[in-house]
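upload_2.cif follows (mmCIF, C-alpha atoms):
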data_structure
#
loop_
_atom_site.label_atom_id
_atom_site.label_comp_id
_atom_site.auth_asym_id
_atom_site.auth_seq_id
_atom_site.Cartn_x
_atom_site.Cartn_y
_atom_site.Cartn_z
CA MET A 1 77.00 120.15 9.77
CA THR A 2 80.39 119.30 8.33
CA GLY A 3 81.23 122.92 7.60
CA SER A 4 79.89 124.13 10.95
CA ALA A 5 81.94 121.62 12.96
CA THR A 6 85.04 122.33 10.90
CA ARG A 7 84.68 126.07 11.44
CA ARG A 8 84.29 125.54 15.19
CA VAL A 9 87.48 123.49 15.32
CA LEU A 10 89.46 125.90 13.18
CA GLY A 11 88.08 128.89 15.09
CA ASP A 12 89.62 127.64 18.32
CA ARG A 13 93.08 129.18 18.79
CA THR A 14 94.61 126.10 20.44
CA ALA A 15 93.19 123.68 17.88
CA GLY A 16 94.31 125.99 15.07
CA LEU A 17 97.88 126.11 16.38
CA PHE A 18 97.96 122.35 16.73
CA LEU A 19 96.76 121.90 13.16
CA ALA A 20 99.22 124.49 11.85
CA ALA A 21 102.06 122.62 13.55
CA VAL A 22 100.81 119.36 12.05
CA VAL A 23 100.78 120.91 8.56
CA VAL A 24 104.30 122.30 8.93
CA SER A 25 105.91 119.21 10.45
CA GLY A 26 103.84 116.90 8.27
CA PHE A 27 105.18 118.54 5.13
CA GLY A 28 108.78 117.98 6.16
CA SER A 29 108.11 114.49 7.51
CA SER A 30 106.27 113.33 4.38
CA ALA A 31 109.06 114.62 2.17
CA MET A 32 111.74 113.01 4.34
CA SER A 33 109.96 109.67 4.77
CA LEU A 34 109.90 109.15 1.03
CA ALA A 35 113.37 110.58 0.48
CA ALA A 36 114.88 108.29 3.14
CA GLY A 37 113.83 105.20 1.21
CA ILE A 38 114.97 106.66 -2.11
CA TRP A 39 118.24 107.72 -0.46
CA VAL A 40 118.98 104.23 0.83
CA LYS A 41 117.90 102.67 -2.48
CA SER A 42 120.21 105.03 -4.39
CA LEU A 43 123.17 104.38 -2.07
CA THR A 44 122.81 100.59 -1.89
CA GLY A 45 120.62 99.51 -4.79
CA SER A 46 118.62 97.34 -2.35
CA ASP A 47 114.80 97.26 -2.17
CA SER A 48 115.03 95.46 1.17
CA LEU A 49 117.29 98.09 2.77
CA ALA A 50 114.99 100.82 1.46
CA ALA A 51 112.08 99.12 3.23
CA LEU A 52 114.27 98.70 6.33
CA ALA A 53 114.65 102.48 6.47
CA LEU A 54 110.89 102.71 7.01
CA PHE A 55 111.08 99.98 9.65
CA THR A 56 113.69 101.97 11.56
CA VAL A 57 111.26 104.88 11.92
CA TRP A 58 108.55 102.56 13.23
CA LEU A 59 110.76 100.57 15.64
CA PRO A 60 110.42 102.95 18.66
CA VAL A 61 106.66 102.39 18.57
CA LEU A 62 107.41 99.04 20.26
CA PHE A 63 108.35 101.04 23.39
CA GLY A 64 105.23 103.21 23.29
CA PRO A 65 103.93 102.49 26.83
CA VAL A 66 107.26 103.48 28.37
CA LEU A 67 107.64 106.58 26.19
CA GLY A 68 104.00 107.50 26.88
CA SER A 69 104.67 107.29 30.61
CA LEU A 70 107.54 109.71 30.11
CA ALA A 71 105.17 112.03 28.26
CA ASP A 72 102.82 111.92 31.26
CA ARG A 73 105.65 112.67 33.71
CA LEU A 74 107.04 115.68 31.83
CA PRO A 75 105.32 119.00 31.14
CA ARG A 76 103.65 118.29 27.82
CA LYS A 77 104.00 121.65 26.08
CA PRO A 78 107.77 121.94 26.71
CA LEU A 79 108.12 118.34 25.58
CA LEU A 80 106.54 119.20 22.25
CA VAL A 81 108.71 122.28 21.81
CA TRP A 82 112.05 120.71 22.70
CA SER A 83 111.43 117.46 20.83
CA ASN A 84 111.01 119.49 17.66
CA VAL A 85 114.13 121.54 18.40
CA VAL A 86 116.25 118.43 18.98
CA MET A 87 115.03 116.81 15.76
CA ALA A 88 115.80 119.97 13.79
CA LEU A 89 119.39 119.80 15.06
CA LEU A 90 119.78 116.04 14.47
CA LEU A 91 118.59 116.29 10.87
CA THR A 92 121.44 118.64 10.05
CA THR A 93 123.89 115.78 10.76
CA LEU A 94 122.66 114.09 7.59
CA THR A 95 124.85 116.50 5.61
CA ALA A 96 127.62 113.95 6.34
CA VAL A 97 125.85 111.10 4.48
CA ASP A 98 127.62 111.00 1.12
CA SER A 99 128.26 107.26 0.64
CA ALA A 100 126.88 103.84 1.53
CA GLY A 101 129.49 103.56 4.28
CA ARG A 102 127.91 106.49 6.11
CA GLY A 103 124.38 105.20 5.74
CA TRP A 104 124.40 104.28 9.44
CA ILE A 105 124.05 107.99 10.27
CA LEU A 106 120.81 108.09 8.32
CA PHE A 107 119.48 105.01 10.14
CA ALA A 108 120.46 106.50 13.54
CA VAL A 109 118.62 109.74 12.80
CA LEU A 110 115.58 107.79 11.61
CA MET A 111 115.58 105.93 14.94
CA ALA A 112 115.54 109.25 16.79
CA TYR A 113 112.83 110.39 14.40
CA GLY A 114 110.58 107.52 15.44
CA THR A 115 111.27 108.03 19.15
CA SER A 116 110.40 111.71 19.05
CA SER A 117 107.24 110.95 17.07
CA VAL A 118 105.94 108.62 19.80
CA LEU A 119 106.70 111.18 22.53
CA MET A 120 105.13 114.07 20.63
CA ASP A 121 102.03 112.13 19.59
CA SER A 122 101.42 111.11 23.21
CA ALA A 123 101.81 114.66 24.52
CA GLU A 124 99.72 116.15 21.73
CA THR A 125 96.88 113.63 22.16
CA ALA A 126 96.67 114.43 25.87
CA LEU A 127 96.77 118.20 25.39
CA VAL A 128 94.13 118.13 22.64
CA ALA A 129 91.72 116.04 24.72
CA GLY A 130 91.67 118.74 27.38
CA ALA A 131 91.50 121.67 24.99
CA VAL A 132 88.91 120.60 22.39
CA ASP A 133 85.18 119.96 22.96
CA ALA A 134 84.68 116.20 23.35
CA ARG A 135 81.95 116.28 20.68
CA LEU A 136 84.45 117.79 18.24
CA LEU A 137 87.29 115.35 18.88
CA GLY A 138 86.33 113.24 15.86
CA ASP A 139 86.32 116.34 13.68
CA PHE A 140 89.66 117.49 15.08
CA ASN A 141 91.26 114.07 14.62
CA GLY A 142 89.88 113.89 11.10
CA LEU A 143 91.29 117.32 10.28
CA ARG A 144 94.58 116.37 11.90
CA MET A 145 94.74 113.24 9.76
CA MET A 146 93.76 115.27 6.72
CA ALA A 147 96.49 117.82 7.43
CA ASN A 148 99.14 115.20 8.08
CA GLU A 149 98.27 112.81 5.26
CA GLY A 150 97.21 115.60 2.95
CA MET A 151 100.83 116.68 2.82
CA LYS A 152 101.26 113.68 0.53
CA LEU A 153 99.61 115.79 -2.14
CA VAL A 154 102.69 117.99 -2.40
CA ALA A 155 105.45 116.95 0.01
CA PRO A 156 106.51 113.62 -1.55
CA LEU A 157 106.75 115.14 -5.01
CA THR A 158 108.66 118.06 -3.53
CA GLY A 159 110.98 115.68 -1.69
CA ALA A 160 111.49 113.50 -4.76
CA ALA A 161 112.19 116.57 -6.93
CA LEU A 162 114.66 117.98 -4.38
CA PHE A 163 116.35 114.61 -4.04
CA THR A 164 116.66 114.20 -7.80
CA ARG A 165 118.06 117.71 -8.26
CA PHE A 166 120.14 118.30 -5.12
CA GLY A 167 120.35 114.99 -3.26
CA GLY A 168 119.10 113.77 0.12
CA VAL A 169 120.79 116.49 2.15
CA SER A 170 118.45 119.13 0.71
CA VAL A 171 115.40 117.16 1.89
CA ALA A 172 116.93 116.69 5.35
CA LEU A 173 117.49 120.44 5.69
CA LEU A 174 113.92 121.13 4.56
CA ASP A 175 112.67 118.76 7.25
CA ALA A 176 114.93 120.40 9.85
CA ALA A 177 113.37 123.78 9.02
CA SER A 178 109.87 122.32 9.37
CA PHE A 179 110.70 120.96 12.84
CA ALA A 180 112.08 124.35 13.89
CA LEU A 181 108.93 126.13 12.71
CA ALA A 182 106.70 123.57 14.45
CA ALA A 183 108.61 124.18 17.69
CA GLY A 184 107.75 127.87 17.41
CA LEU A 185 104.06 127.12 16.84
CA TYR A 186 103.88 124.78 19.83
CA GLY A 187 105.56 127.49 21.88
CA LEU A 188 102.58 129.78 21.20
CA LEU A 189 100.10 127.35 22.79
CA ARG A 190 98.22 128.45 25.90
CA VAL A 191 97.17 125.24 27.61
CA GLN A 192 96.51 124.03 31.12
CA GLN A 193 97.73 120.65 32.29
CA ALA A 194 97.97 118.60 35.44
CA SER A 195 101.28 118.58 37.32
CA PRO A 196 103.80 115.95 36.19
CA ALA A 197 103.75 114.39 39.66
CA THR A 198 100.03 113.71 39.30
CA THR A 199 100.06 112.53 35.70
CA GLY A 200 102.96 110.17 36.37
CA ALA A 201 101.05 108.07 38.93
CA GLY A 202 100.39 104.41 38.15
CA GLY A 203 103.46 103.47 36.10
CA TRP A 204 103.67 102.64 32.42
CA THR A 205 101.39 99.58 32.74
CA ALA A 206 98.42 101.84 33.58
CA GLY A 207 97.97 102.57 29.87
CA VAL A 208 97.96 98.86 29.06
CA ARG A 209 95.28 98.21 31.69
CA GLN A 210 93.19 101.11 30.42
CA VAL A 211 93.16 99.83 26.83
CA TRP A 212 92.72 96.14 27.60
CA GLY A 213 90.09 96.68 30.28
CA SER A 214 87.85 98.88 28.13
CA PRO A 215 85.11 97.16 26.07
CA VAL A 216 85.13 100.20 23.79
CA LEU A 217 88.87 100.56 23.22
CA ARG A 218 89.93 96.92 23.06
CA PRO A 219 88.10 95.83 19.84
CA LEU A 220 88.98 99.04 18.01
CA VAL A 221 92.66 98.81 18.94
CA LEU A 222 92.86 95.10 18.06
CA ALA A 223 91.25 95.77 14.68
CA GLY A 224 93.78 98.54 14.22
CA SER A 225 96.59 96.09 15.04
CA VAL A 226 95.59 93.70 12.28
CA THR A 227 95.01 96.52 9.81
CA MET A 228 98.38 98.10 10.48
CA LEU A 229 100.06 94.70 10.14
CA CYS A 230 98.60 94.57 6.65
CA ALA A 231 99.60 98.20 6.07
CA GLY A 232 103.20 97.38 6.97
CA LEU A 233 103.34 94.50 4.50
CA ASN A 234 101.74 96.74 1.89
CA GLY A 235 104.21 99.55 2.59
CA ALA A 236 107.20 97.24 2.28
CA THR A 237 106.17 96.45 -1.29
CA LEU A 238 106.21 100.11 -2.40
CA TYR A 239 109.48 100.13 -4.32
CA ALA A 240 108.97 96.60 -5.61
CA VAL A 241 105.57 97.60 -7.02
CA VAL A 242 107.04 100.72 -8.61
CA ASP A 243 109.90 98.73 -10.15
CA ARG A 244 108.55 95.24 -10.90
CA VAL A 245 104.82 95.81 -11.42
CA LEU A 246 104.71 99.31 -12.94
CA GLY A 247 108.20 99.54 -14.40
CA HIS A 248 109.09 103.01 -13.12
CA SER A 249 112.07 104.55 -11.32
CA PRO A 250 112.00 104.81 -7.47
CA ALA A 251 111.01 108.50 -7.66
CA TYR A 252 107.57 107.41 -9.01
CA ALA A 253 106.76 106.45 -5.42
CA GLY A 254 106.10 110.16 -4.89
CA VAL A 255 103.25 110.07 -7.40
CA LEU A 256 101.65 107.13 -5.62
CA SER A 257 102.01 108.88 -2.26
CA MET A 258 100.29 111.93 -3.69
CA ALA A 259 97.33 109.77 -4.76
CA GLN A 260 97.12 108.36 -1.24
CA GLY A 261 97.06 111.90 0.12
CA VAL A 262 93.96 112.69 -1.97
CA GLY A 263 92.08 109.87 -0.29
CA SER A 264 93.23 110.95 3.16
CA VAL A 265 92.07 114.53 2.60
CA ALA A 266 88.59 113.30 1.70
CA VAL A 267 88.18 111.01 4.69
CA GLY A 268 89.65 113.62 7.04
CA LEU A 269 86.84 116.02 6.18
CA LEU A 270 84.14 113.36 6.52
CA ALA A 271 85.39 111.49 9.60
CA GLY A 272 83.79 113.72 12.25
CA PRO A 273 80.28 113.78 10.75
CA LEU A 274 80.41 110.05 9.98
CA LEU A 275 81.48 109.20 13.53
CA ARG A 276 78.46 111.14 14.82
CA ARG A 277 76.10 109.21 12.54
CA LEU A 278 77.55 105.69 12.48
CA PRO A 279 78.53 103.26 15.23
CA GLU A 280 82.32 103.31 15.64
CA ARG A 281 82.62 99.67 14.56
CA VAL A 282 80.67 100.24 11.34
CA PHE A 283 82.75 103.30 10.43
CA THR A 284 85.97 101.45 11.24
CA SER A 285 85.01 98.23 9.46
CA ALA A 286 84.04 100.08 6.30
CA GLY A 287 87.42 101.79 6.23
CA ILE A 288 89.32 98.54 6.78
CA ALA A 289 87.34 96.81 4.02
CA LEU A 290 88.07 99.63 1.59
CA PHE A 291 91.75 99.41 2.47
CA GLY A 292 91.78 95.62 1.93
CA VAL A 293 90.24 95.85 -1.54
CA ALA A 294 92.69 98.59 -2.51
CA VAL A 295 95.75 96.60 -1.40
CA GLY A 296 94.72 93.73 -3.67
CA LEU A 297 94.31 96.14 -6.58
CA ARG A 298 97.94 97.24 -6.28
CA ALA A 299 98.96 93.96 -7.91
CA VAL A 300 97.35 95.05 -11.20
CA PRO A 301 100.07 96.28 -13.61
CA TYR A 302 98.41 99.51 -14.77
CA ASP A 303 99.26 103.02 -13.61
CA ALA A 304 95.60 104.10 -13.48
CA VAL A 305 94.68 101.17 -11.22
CA ALA A 306 97.71 101.77 -9.02
CA LEU A 307 96.76 105.43 -8.55
CA LEU A 308 93.15 104.49 -7.76
CA ALA A 309 94.30 101.85 -5.29
CA CYS A 310 96.54 104.32 -3.48
CA GLY A 311 93.69 106.81 -3.27
CA LEU A 312 91.42 104.16 -1.75
CA ILE A 313 94.15 103.16 0.71
CA GLY A 314 94.41 106.81 1.74
CA ALA A 315 90.65 106.92 2.35
CA GLY A 316 90.29 103.58 4.12
CA LEU A 317 93.35 103.21 6.31
CA PRO A 318 92.92 106.38 8.45
CA CYS A 319 89.40 105.35 9.54
CA VAL A 320 90.58 102.85 12.14
CA LEU A 321 93.22 105.26 13.46
CA ILE A 322 90.81 108.20 13.76
CA ALA A 323 88.12 106.09 15.46
CA ALA A 324 90.54 104.45 17.90
CA MET A 325 92.31 107.65 18.96
CA THR A 326 89.04 109.55 19.32
CA ALA A 327 87.79 106.77 21.59
CA VAL A 328 91.03 106.91 23.61
CA GLN A 329 90.62 110.65 24.17
CA ARG A 330 86.96 110.25 25.12
CA GLU A 331 87.31 107.22 27.41
CA THR A 332 90.58 107.98 29.25
CA PRO A 333 91.25 110.21 32.30
CA ASP A 334 93.76 113.01 31.69
CA ALA A 335 96.31 111.51 34.08
CA LEU A 336 96.55 108.39 31.90
CA LEU A 337 96.15 109.92 28.46
CA GLY A 338 99.80 109.98 27.43
CA ARG A 339 100.36 106.35 28.37
CA THR A 340 97.04 105.14 27.01
CA ALA A 341 97.50 106.93 23.68
CA ALA A 342 101.05 105.56 23.39
CA THR A 343 99.89 102.05 24.36
CA ALA A 344 97.13 102.14 21.77
CA GLY A 345 99.70 103.41 19.30
CA THR A 346 102.06 100.57 20.16
CA LEU A 347 99.36 97.92 19.83
CA MET A 348 98.34 99.33 16.46
CA PHE A 349 101.69 100.39 15.02
CA ALA A 350 104.04 97.72 16.40
CA PRO A 351 102.57 95.18 13.95
CA ASN A 352 103.29 97.74 11.25
CA ALA A 353 106.95 97.88 12.28
CA VAL A 354 107.21 94.08 12.41
CA ALA A 355 105.48 93.77 9.05
CA LEU A 356 107.83 96.30 7.45
CA ALA A 357 110.78 94.20 8.58
CA LEU A 358 109.10 90.98 7.47
CA GLY A 359 108.01 92.55 4.21
CA ALA A 360 111.55 93.74 3.53
CA GLY A 361 112.52 90.07 3.34
CA LEU A 362 109.36 88.84 1.64
CA VAL A 363 109.66 91.19 -1.32
CA ALA A 364 112.97 89.50 -2.13
CA VAL A 365 111.47 86.01 -2.34
CA VAL A 366 107.71 86.36 -3.00
CA ASP A 367 106.13 87.89 -6.09
CA VAL A 368 104.29 91.04 -4.95
CA ARG A 369 101.46 90.12 -7.35
CA VAL A 370 100.82 87.15 -5.07
CA LEU A 371 101.61 88.82 -1.75
CA LEU A 372 99.35 91.85 -2.13
CA PRO A 373 96.04 89.99 -2.74
CA LEU A 374 96.76 87.80 0.30
CA VAL A 375 97.37 90.84 2.48
CA GLY A 376 94.16 92.43 1.22
CA ALA A 377 92.20 89.29 2.10
CA VAL A 378 93.48 89.39 5.69
CA ALA A 379 92.32 93.00 6.03
CA LEU A 380 88.88 92.12 4.70
CA ALA A 381 88.61 89.31 7.26
CA ALA A 382 89.48 91.76 10.05
CA ALA A 383 86.71 94.10 8.90
CA VAL A 384 84.15 91.28 8.97
CA VAL A 385 85.20 90.13 12.44
CA LEU A 386 84.98 93.66 13.86
CA VAL A 387 81.54 94.49 12.49
CA THR A 388 80.03 91.09 13.35
CA GLY A 389 81.81 90.52 16.68
CA ARG A 390 80.12 90.48 20.09
CA ARG A 391 79.51 93.97 21.40
CA THR A 392 80.51 94.39 25.01
CA GLY A 393 80.17 98.14 25.28
CA PRO A 394 78.45 101.16 23.72
CA THR A 395 78.86 101.45 19.96
CA ALA A 396 76.20 104.04 19.22
CA PRO A 397 77.26 107.12 17.29
CA ALA A 398 77.99 110.28 19.21
CA GLY A 399 75.12 112.66 19.76
CA PRO A 400 74.56 115.73 17.62
CA LEU A 401 76.42 118.93 18.23
CA PRO A 402 74.53 121.71 19.95
CA SER A 403 73.26 124.51 17.76
CA SER A 404 75.15 127.77 17.71
CA ALA A 405 72.52 129.18 20.05
CA GLU A 406 73.16 126.43 22.56
CA ALA A 407 76.97 126.50 22.27
#

Rewrite the coordinates I just gave you, this time as structure tokens.
Amino acid sequence: MTGSATRRVLGDRTAGLFLAAVVVSGFGSSAMSLAAGIWVKSLTGSDSLAALALFTVWLPVLFGPVLGSLADRLPRKPLLVWSNVVMALLLTTLTAVDSAGRGWILFAVLMAYGTSSVLMDSAETALVAGAVDARLLGDFNGLRMMANEGMKLVAPLTGAALFTRFGGVSVALLDAASFALAAGLYGLLRVQQASPATTGAGGWTAGVRQVWGSPVLRPLVLAGSVTMLCAGLNGATLYAVVDRVLGHSPAYAGVLSMAQGVGSVAVGLLAGPLLRRLPERVFTSAGIALFGVAVGLRAVPYDAVALLACGLIGAGLPCVLIAAMTAVQRETPDALLGRTAATAGTLMFAPNAVALALGAGLVAVVDVRVLLPLVGAVALAAAVVLVTGRRTGPTAPAGPLPSSAEA
């Protein structure tokens, strides 16, 4: 069943182009995300400022409902194309960053990076929901997560190697090229969409009402909020763990990111079939619990344990995101999809942004060997609450796919 569903997704031209764009842009983004932190760390020598670079990317998520409303009001395909073009051009400005005094340029581009990501994710989520069979959305979202996170198998090491050999500018130009290529792929899409005048009805609060009023979406999104809060705190400790716990240079973060990518590839392939066989809350809770255990293990000062923990994080963390976004696509009318997807993203990822900022300060005053087990315990508690909480809506797994004869 796994292979059959995967082939059906990949055999669809629109889905294939979407996934190809995700692979291309994900490679550049994964390389740049790691290089940005290393770049700031190298310029300033500060673990906190390196973590703050990650926070800058996440900050626009706080304005997700408004940005999602914009995605509903504009033609979605052109939005995807031109957002990628603009980011390709902005990344070339990083050629001017050659000292700590010009680090503000890097932070400004990272802010634009985060803004474009929210817009593009909203537009893409809405377009995919109308182009892919509803019974295959879990498979598509799993493959999308696999493609995006799977870039951590090669992109971070590539970015770290480029940074070490040629500096941050080389990584920025690589990312610019990936955005340009993704723009071309999105330009090849043949999709139908409602008129902007129709999709813009209801204002930006319509997405908030859709998420909060749904007994299916609300518990999944809230569980995602807590999990991503923990993920933000965990992410802020990256360079501190590499330095203080494992005793390596900042570039070793690329190795840990690669291990996380292995876990994400595995869960991306399995997500669709598991969502058809398990209630959403069980699938999500299991992923959160796995993530919580892995975060605690990162405090152990052994490379082998650190690599295992990162792999488990890669397998556990995407579960809540895949389940929540699949539910959003299934439960939301097309006219509200951009806003609802962005609102769900804000509710889940805003805690991540806040936690990255908080964690940037905490790593300076709290031993990460104490902080990480506490964060893991919070995640485990969230998993227990989700799986044992009162069910106010359908949680049964999705029905089986039709046979090839029926399709």

Best match for closeness to Asn84 (chain A) among A:Val97, A:Val24, A:Val171, A:Leu278, counting all atoms listed in the file: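 Nearest to Asn84 (chain A): A:Val24.
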
Resolved residues for the PyMOL selection byres ((chain A and resi 186) around 8) as a count of residues only: 13

Hits from the PyMOL selection byres ((chain A and resi 360-375) around 10), listed as a PyMOL selection string: chain A and resi 46-55+227+229-241+244-245+292-301+354-359+376-380

Suppose we keep C-alpha atoms; can you now write the selection as a compact mmCIF listing (two decimals), keeping the file's coordinate frame?
# COMPACT_ATOMS: atom_id res chain seq x y z
CA SER A 46 118.62 97.34 -2.35
CA ASP A 47 114.80 97.26 -2.17
CA SER A 48 115.03 95.46 1.17
CA LEU A 49 117.29 98.09 2.77
CA ALA A 50 114.99 100.82 1.46
CA ALA A 51 112.08 99.12 3.23
CA LEU A 52 114.27 98.70 6.33
CA ALA A 53 114.65 102.48 6.47
CA LEU A 54 110.89 102.71 7.01
CA PHE A 55 111.08 99.98 9.65
CA THR A 227 95.01 96.52 9.81
CA LEU A 229 100.06 94.70 10.14
CA CYS A 230 98.60 94.57 6.65
CA ALA A 231 99.60 98.20 6.07
CA GLY A 232 103.20 97.38 6.97
CA LEU A 233 103.34 94.50 4.50
CA ASN A 234 101.74 96.74 1.89
CA GLY A 235 104.21 99.55 2.59
CA ALA A 236 107.20 97.24 2.28
CA THR A 237 106.17 96.45 -1.29
CA LEU A 238 106.21 100.11 -2.40
CA TYR A 239 109.48 100.13 -4.32
CA ALA A 240 108.97 96.60 -5.61
CA VAL A 241 105.57 97.60 -7.02
CA ARG A 244 108.55 95.24 -10.90
CA VAL A 245 104.82 95.81 -11.42
CA GLY A 292 91.78 95.62 1.93
CA VAL A 293 90.24 95.85 -1.54
CA ALA A 294 92.69 98.59 -2.51
CA VAL A 295 95.75 96.60 -1.40
CA GLY A 296 94.72 93.73 -3.67
CA LEU A 297 94.31 96.14 -6.58
CA ARG A 298 97.94 97.24 -6.28
CA ALA A 299 98.96 93.96 -7.91
CA VAL A 300 97.35 95.05 -11.20
CA PRO A 301 100.07 96.28 -13.61
CA VAL A 354 107.21 94.08 12.41
CA ALA A 355 105.48 93.77 9.05
CA LEU A 356 107.83 96.30 7.45
CA ALA A 357 110.78 94.20 8.58
CA LEU A 358 109.10 90.98 7.47
CA GLY A 359 108.01 92.55 4.21
CA GLY A 376 94.16 92.43 1.22
CA ALA A 377 92.20 89.29 2.10
CA VAL A 378 93.48 89.39 5.69
CA ALA A 379 92.32 93.00 6.03
CA LEU A 380 88.88 92.12 4.70

8 Å contact set for region 31-45 of chain A, all atoms listed in the file, chain neighbours under 4 positions out, as a VMD selection string: chain A and resid 27 49 to 51 53 to 54 99 to 100 103 106 155 to 160 163 168 171 to 172 175 250 to 251 253 to 254

8 Å contact set for Ser285 (chain A), all atoms listed in the file, chain neighbours under 3 positions out, as a list of chain:residue names: A:Arg281, A:Val282, A:Ile288, A:Ala289, A:Val320, A:Ala382, A:Ala383, A:Val384, A:Leu386, A:Val387

Computed interatomic separation between CA of Leu269 (chain A) and CA of Leu136 (chain A) (Å): 12.4 Å

Length of the CA of Ser257 (chain A) to CA of Gly311 (chain A) vector [Å]: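 That distance, rounded to one decimal, is 8.6 Å.
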
Exercise: Ala206 (chain A) partners within 9 Å, all atoms listed in the file, chain neighbours under 3 positions left out, as a list in words: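 Here the answer would be Pro65, Ser69, Ala201, Gly202, Gly203, Arg209, Gln210, Val211, Leu336, Arg339 and Thr340 of chain A.
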
Pick from A:Ala108, A:Ala324, A:Val208, A:Ala259, whichever lies nearest to Thr125 (chain A) using all atoms listed in the file: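 Among the listed residues, the smallest separation from Thr125 (chain A) belongs to A:Ala324.
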